Amino acid sequence: RVMASELVAALATCNTSNAWSTLDATAKKVSKKVGRPVAPKELDDAMVAAGDDALFRLGIWRTSFGAKFMSIVVVNPAFARAIASVEEGEKLHCTCGVHPRQAEAPAGAKAERDAKRYYGSHDYNAGRHASTASEHKGMCLLWRPPTTGHLHSWRRGYTA
């Protein structure tokens, strides 16, 4: 029997190309790594048991839609390799060359013009949505997965 920690370790070697993936698709990847079928619920339980901090250090993000629905997962092995060199408690900083302030609030005339176009548009459903892509490269300590607000339609119930 494969231990929960072994499932999480196998998950950490999978790659979702820095994009959200459904739990059942991710469980299939983990199944190939461990050499036996892994149920999505079993993988989700293993991630919950590992805890968010451990998952973060492995480059794994999990978003839950509640107990009745499968989670979605992002696995970024490049982030895991980068954070492995950081001491516990050390402040994370940009390692990809993008200035951290730049990612929070772009400055200058172009930013002002872009904001006006974004917020001032009268087109149907124009603007108003936050950017889903991280300003940082996947191997940067400040990289974060895309937002999940637009993925509510990915909710899928567990099957027996």
# chains A, B, ... in the order shown; residues from 1 in each chain; ligands from 1

call {"tool": "residues_around", "arguments": {"residues": "segment 52-63 of chain A", "least_positions_apart": "6", "cutoff": "8 Å", "atoms": "only C-alpha atoms", "output": "PyMOL selection string"}}
result
chain A and resi 12+71-80+83-84+145+148

call {"tool": "residues_around", "arguments": {"residues": "Lys137 of chain A", "least_positions_apart": "4", "cutoff": "10 Å", "atoms": "only C-alpha atoms", "output": "CSV table (one decimal) with N, CA and C atoms, in the first residue's frame"}}
result
chain,number,residue,atom,x,y,z
A,18,ASN,N,2.0,24.8,-15.1
A,18,ASN,CA,1.7,26.0,-14.4
A,18,ASN,C,0.2,26.4,-14.6
A,78,ALA,N,9.4,23.6,-11.1
A,78,ALA,CA,10.4,24.6,-11.1
A,78,ALA,C,10.4,25.5,-9.9
A,79,PHE,N,9.2,25.8,-9.4
A,79,PHE,CA,9.0,26.6,-8.2
A,79,PHE,C,9.5,25.8,-7.0
A,94,CYS,N,11.9,38.3,-5.4
A,94,CYS,CA,11.9,38.0,-6.9
A,94,CYS,C,13.2,37.4,-7.3
A,95,THR,N,13.2,36.3,-8.0
A,95,THR,CA,14.4,35.7,-8.5
A,95,THR,C,14.4,35.6,-10.1
A,96,CYS,N,13.4,36.3,-10.7
A,96,CYS,CA,13.4,36.1,-12.2
A,96,CYS,C,13.6,37.5,-12.9
A,97,GLY,N,13.9,38.5,-12.1
A,97,GLY,CA,14.2,39.8,-12.7
A,97,GLY,C,13.1,40.8,-12.8
A,98,VAL,N,11.8,40.3,-12.6
A,98,VAL,CA,10.7,41.2,-12.6
A,98,VAL,C,10.7,41.9,-11.2
A,133,ALA,N,-2.7,35.7,-15.1
A,133,ALA,CA,-1.3,35.2,-15.2
A,133,ALA,C,-0.4,36.0,-14.2
A,141,LEU,N,10.5,32.8,-7.0
A,141,LEU,CA,9.9,32.6,-5.7
A,141,LEU,C,8.6,33.3,-5.5
A,142,LEU,N,8.4,34.4,-6.3
A,142,LEU,CA,7.1,35.1,-6.2
A,142,LEU,C,6.1,34.7,-7.1
A,143,TRP,N,6.3,33.6,-7.9
A,143,TRP,CA,5.3,33.1,-8.9
A,143,TRP,C,4.2,32.5,-8.1
A,144,ARG,N,3.0,32.8,-8.6
A,144,ARG,CA,1.8,32.2,-8.0
A,144,ARG,C,0.9,31.7,-9.1

call {"tool": "closest_residue", "arguments": {"among": "A:Ala46, A:Ser85, A:Lys41, A:Thr13", "to": "Lys29 of chain A", "atoms": "only C-alpha atoms"}}
result
A:Thr13

call {"tool": "select_by_dssp", "arguments": {"residues": "segment 3-55 of chain A", "states": "helix (DSSP H, G or I)", "output": "PyMOL selection string"}}
result
chain A and resi 4-12+23-34+40-50+52-55

call {"tool": "write_last_selection", "arguments": {"atoms": "N, CA, C and O atoms", "output": "compact mmCIF listing (two decimals), in the first residue's frame"}}
result
# COMPACT_ATOMS: atom_id res chain seq x y z
N ALA A 4 0.28 8.05 2.03
CA ALA A 4 -0.18 9.36 1.56
C ALA A 4 1.00 10.25 1.18
O ALA A 4 0.97 10.94 0.16
N SER A 5 2.07 10.20 1.97
CA SER A 5 3.24 11.04 1.68
C SER A 5 3.89 10.62 0.36
O SER A 5 4.42 11.46 -0.36
N GLU A 6 3.83 9.32 0.03
CA GLU A 6 4.37 8.86 -1.24
C GLU A 6 3.52 9.35 -2.41
O GLU A 6 4.05 9.65 -3.48
N LEU A 7 2.21 9.43 -2.20
CA LEU A 7 1.33 9.98 -3.25
C LEU A 7 1.65 11.44 -3.50
O LEU A 7 1.72 11.89 -4.65
N VAL A 8 1.85 12.20 -2.43
CA VAL A 8 2.17 13.62 -2.57
C VAL A 8 3.54 13.79 -3.23
O VAL A 8 3.72 14.65 -4.09
N ALA A 9 4.50 12.93 -2.87
CA ALA A 9 5.82 12.99 -3.50
C ALA A 9 5.72 12.68 -4.99
O ALA A 9 6.37 13.33 -5.82
N ALA A 10 4.89 11.70 -5.35
CA ALA A 10 4.67 11.38 -6.77
C ALA A 10 3.99 12.55 -7.48
O ALA A 10 4.33 12.89 -8.62
N LEU A 11 3.02 13.16 -6.80
CA LEU A 11 2.33 14.32 -7.36
C LEU A 11 3.31 15.45 -7.65
O LEU A 11 3.23 16.11 -8.69
N ALA A 12 4.27 15.65 -6.76
CA ALA A 12 5.25 16.73 -6.93
C ALA A 12 6.11 16.55 -8.17
O ALA A 12 6.66 17.53 -8.69
N LEU A 23 -8.65 17.28 -10.73
CA LEU A 23 -8.08 16.27 -9.83
C LEU A 23 -8.06 14.89 -10.49
O LEU A 23 -7.09 14.15 -10.31
N ASP A 24 -9.08 14.55 -11.26
CA ASP A 24 -9.08 13.23 -11.88
C ASP A 24 -7.96 13.10 -12.92
O ASP A 24 -7.31 12.06 -13.02
N ALA A 25 -7.69 14.17 -13.68
CA ALA A 25 -6.58 14.13 -14.64
C ALA A 25 -5.24 14.03 -13.92
O ALA A 25 -4.34 13.29 -14.34
N THR A 26 -5.11 14.75 -12.81
CA THR A 26 -3.87 14.71 -12.03
C THR A 26 -3.69 13.34 -11.38
O THR A 26 -2.58 12.82 -11.32
N ALA A 27 -4.78 12.73 -10.92
CA ALA A 27 -4.71 11.40 -10.31
C ALA A 27 -4.23 10.36 -11.32
O ALA A 27 -3.49 9.44 -10.96
N LYS A 28 -4.60 10.53 -12.59
CA LYS A 28 -4.12 9.60 -13.62
C LYS A 28 -2.61 9.71 -13.78
O LYS A 28 -1.92 8.70 -13.94
N LYS A 29 -2.08 10.94 -13.72
CA LYS A 29 -0.62 11.14 -13.81
C LYS A 29 0.08 10.49 -12.62
O LYS A 29 1.11 9.83 -12.77
N VAL A 30 -0.49 10.67 -11.43
CA VAL A 30 0.09 10.09 -10.22
C VAL A 30 0.03 8.56 -10.30
O VAL A 30 0.98 7.87 -9.91
N SER A 31 -1.07 8.02 -10.84
CA SER A 31 -1.21 6.56 -10.99
C SER A 31 -0.05 5.99 -11.80
O SER A 31 0.49 4.94 -11.46
N LYS A 32 0.31 6.67 -12.87
CA LYS A 32 1.43 6.21 -13.70
C LYS A 32 2.74 6.24 -12.93
O LYS A 32 3.60 5.37 -13.11
N LYS A 33 2.91 7.22 -12.06
CA LYS A 33 4.14 7.35 -11.29
C LYS A 33 4.27 6.25 -10.22
O LYS A 33 5.35 5.74 -9.99
N VAL A 34 3.14 5.91 -9.58
CA VAL A 34 3.21 4.93 -8.48
C VAL A 34 2.92 3.50 -8.95
O VAL A 34 3.09 2.56 -8.18
N PRO A 40 -9.15 9.89 -7.32
CA PRO A 40 -9.04 11.32 -7.02
C PRO A 40 -9.24 11.64 -5.55
O PRO A 40 -8.51 12.45 -4.98
N LYS A 41 -10.21 10.98 -4.89
CA LYS A 41 -10.47 11.24 -3.46
C LYS A 41 -9.26 10.85 -2.61
O LYS A 41 -8.90 11.55 -1.67
N GLU A 42 -8.60 9.75 -2.96
CA GLU A 42 -7.41 9.30 -2.24
C GLU A 42 -6.29 10.34 -2.37
O GLU A 42 -5.62 10.66 -1.38
N LEU A 43 -6.11 10.87 -3.57
CA LEU A 43 -5.09 11.89 -3.79
C LEU A 43 -5.43 13.17 -3.04
O LEU A 43 -4.56 13.78 -2.41
N ASP A 44 -6.70 13.56 -3.07
CA ASP A 44 -7.11 14.77 -2.36
C ASP A 44 -6.91 14.62 -0.86
O ASP A 44 -6.40 15.53 -0.20
N ASP A 45 -7.27 13.45 -0.32
CA ASP A 45 -7.06 13.20 1.11
C ASP A 45 -5.57 13.27 1.46
O ASP A 45 -5.20 13.78 2.52
N ALA A 46 -4.71 12.76 0.58
CA ALA A 46 -3.26 12.81 0.82
C ALA A 46 -2.77 14.25 0.84
O ALA A 46 -1.92 14.62 1.66
N MET A 47 -3.31 15.09 -0.06
CA MET A 47 -2.91 16.51 -0.08
C MET A 47 -3.37 17.22 1.18
O MET A 47 -2.62 18.01 1.76
N VAL A 48 -4.58 16.94 1.63
CA VAL A 48 -5.10 17.55 2.86
C VAL A 48 -4.24 17.12 4.04
O VAL A 48 -3.87 17.94 4.89
N ALA A 49 -3.87 15.84 4.09
CA ALA A 49 -3.05 15.33 5.19
C ALA A 49 -1.66 15.98 5.19
O ALA A 49 -1.10 16.24 6.25
N ALA A 50 -1.12 16.25 4.01
CA ALA A 50 0.20 16.88 3.92
C ALA A 50 0.18 18.31 4.42
O ALA A 50 1.14 18.78 5.03
N ASP A 52 -1.10 22.60 3.66
CA ASP A 52 -0.80 23.64 2.68
C ASP A 52 0.67 24.06 2.65
O ASP A 52 1.22 24.30 1.59
N ASP A 53 1.30 24.14 3.82
CA ASP A 53 2.71 24.56 3.86
C ASP A 53 3.61 23.55 3.15
O ASP A 53 4.49 23.93 2.38
N ALA A 54 3.39 22.28 3.41
CA ALA A 54 4.20 21.25 2.75
C ALA A 54 3.94 21.24 1.25
O ALA A 54 4.88 21.12 0.46
N LEU A 55 2.68 21.39 0.86
CA LEU A 55 2.36 21.44 -0.57
C LEU A 55 3.04 22.63 -1.24
O LEU A 55 3.60 22.51 -2.33

call {"tool": "decode", "arguments": {"residues": "segment 19-51 of chain A", "atoms": "C-alpha atoms", "output": "PDB file, in the first residue's frame"}}
result
ATOM      1  CA  ALA A  19      -2.061  25.810 -15.087  1.00  0.00           C
ATOM      2  CA  TRP A  20      -4.965  24.456 -13.069  1.00  0.00           C
ATOM      3  CA  SER A  21      -5.775  20.818 -13.749  1.00  0.00           C
ATOM      4  CA  THR A  22      -8.712  18.716 -12.651  1.00  0.00           C
ATOM      5  CA  LEU A  23      -8.083  16.274  -9.834  1.00  0.00           C
ATOM      6  CA  ASP A  24      -9.077  13.225 -11.882  1.00  0.00           C
ATOM      7  CA  ALA A  25      -6.576  14.129 -14.641  1.00  0.00           C
ATOM      8  CA  THR A  26      -3.872  14.709 -12.031  1.00  0.00           C
ATOM      9  CA  ALA A  27      -4.709  11.397 -10.305  1.00  0.00           C
ATOM     10  CA  LYS A  28      -4.123   9.600 -13.624  1.00  0.00           C
ATOM     11  CA  LYS A  29      -0.619  11.140 -13.807  1.00  0.00           C
ATOM     12  CA  VAL A  30       0.089  10.089 -10.219  1.00  0.00           C
ATOM     13  CA  SER A  31      -1.205   6.562 -10.993  1.00  0.00           C
ATOM     14  CA  LYS A  32       1.434   6.208 -13.700  1.00  0.00           C
ATOM     15  CA  LYS A  33       4.142   7.349 -11.285  1.00  0.00           C
ATOM     16  CA  VAL A  34       3.206   4.929  -8.483  1.00  0.00           C
ATOM     17  CA  GLY A  35       2.276   2.001 -10.732  1.00  0.00           C
ATOM     18  CA  ARG A  36      -1.275   1.470  -9.491  1.00  0.00           C
ATOM     19  CA  PRO A  37      -4.655   3.197  -9.853  1.00  0.00           C
ATOM     20  CA  VAL A  38      -5.050   6.234  -7.578  1.00  0.00           C
ATOM     21  CA  ALA A  39      -8.569   7.527  -6.956  1.00  0.00           C
ATOM     22  CA  PRO A  40      -9.044  11.319  -7.024  1.00  0.00           C
ATOM     23  CA  LYS A  41     -10.470  11.239  -3.463  1.00  0.00           C
ATOM     24  CA  GLU A  42      -7.411   9.302  -2.236  1.00  0.00           C
ATOM     25  CA  LEU A  43      -5.087  11.887  -3.789  1.00  0.00           C
ATOM     26  CA  ASP A  44      -7.114  14.770  -2.361  1.00  0.00           C
ATOM     27  CA  ASP A  45      -7.060  13.200   1.111  1.00  0.00           C
ATOM     28  CA  ALA A  46      -3.264  12.810   0.817  1.00  0.00           C
ATOM     29  CA  MET A  47      -2.908  16.508  -0.080  1.00  0.00           C
ATOM     30  CA  VAL A  48      -5.097  17.546   2.859  1.00  0.00           C
ATOM     31  CA  ALA A  49      -3.048  15.326   5.189  1.00  0.00           C
ATOM     32  CA  ALA A  50       0.203  16.879   3.917  1.00  0.00           C
ATOM     33  CA  GLY A  51      -1.028  20.410   4.637  1.00  0.00           C
TER      34      GLY A  51
END
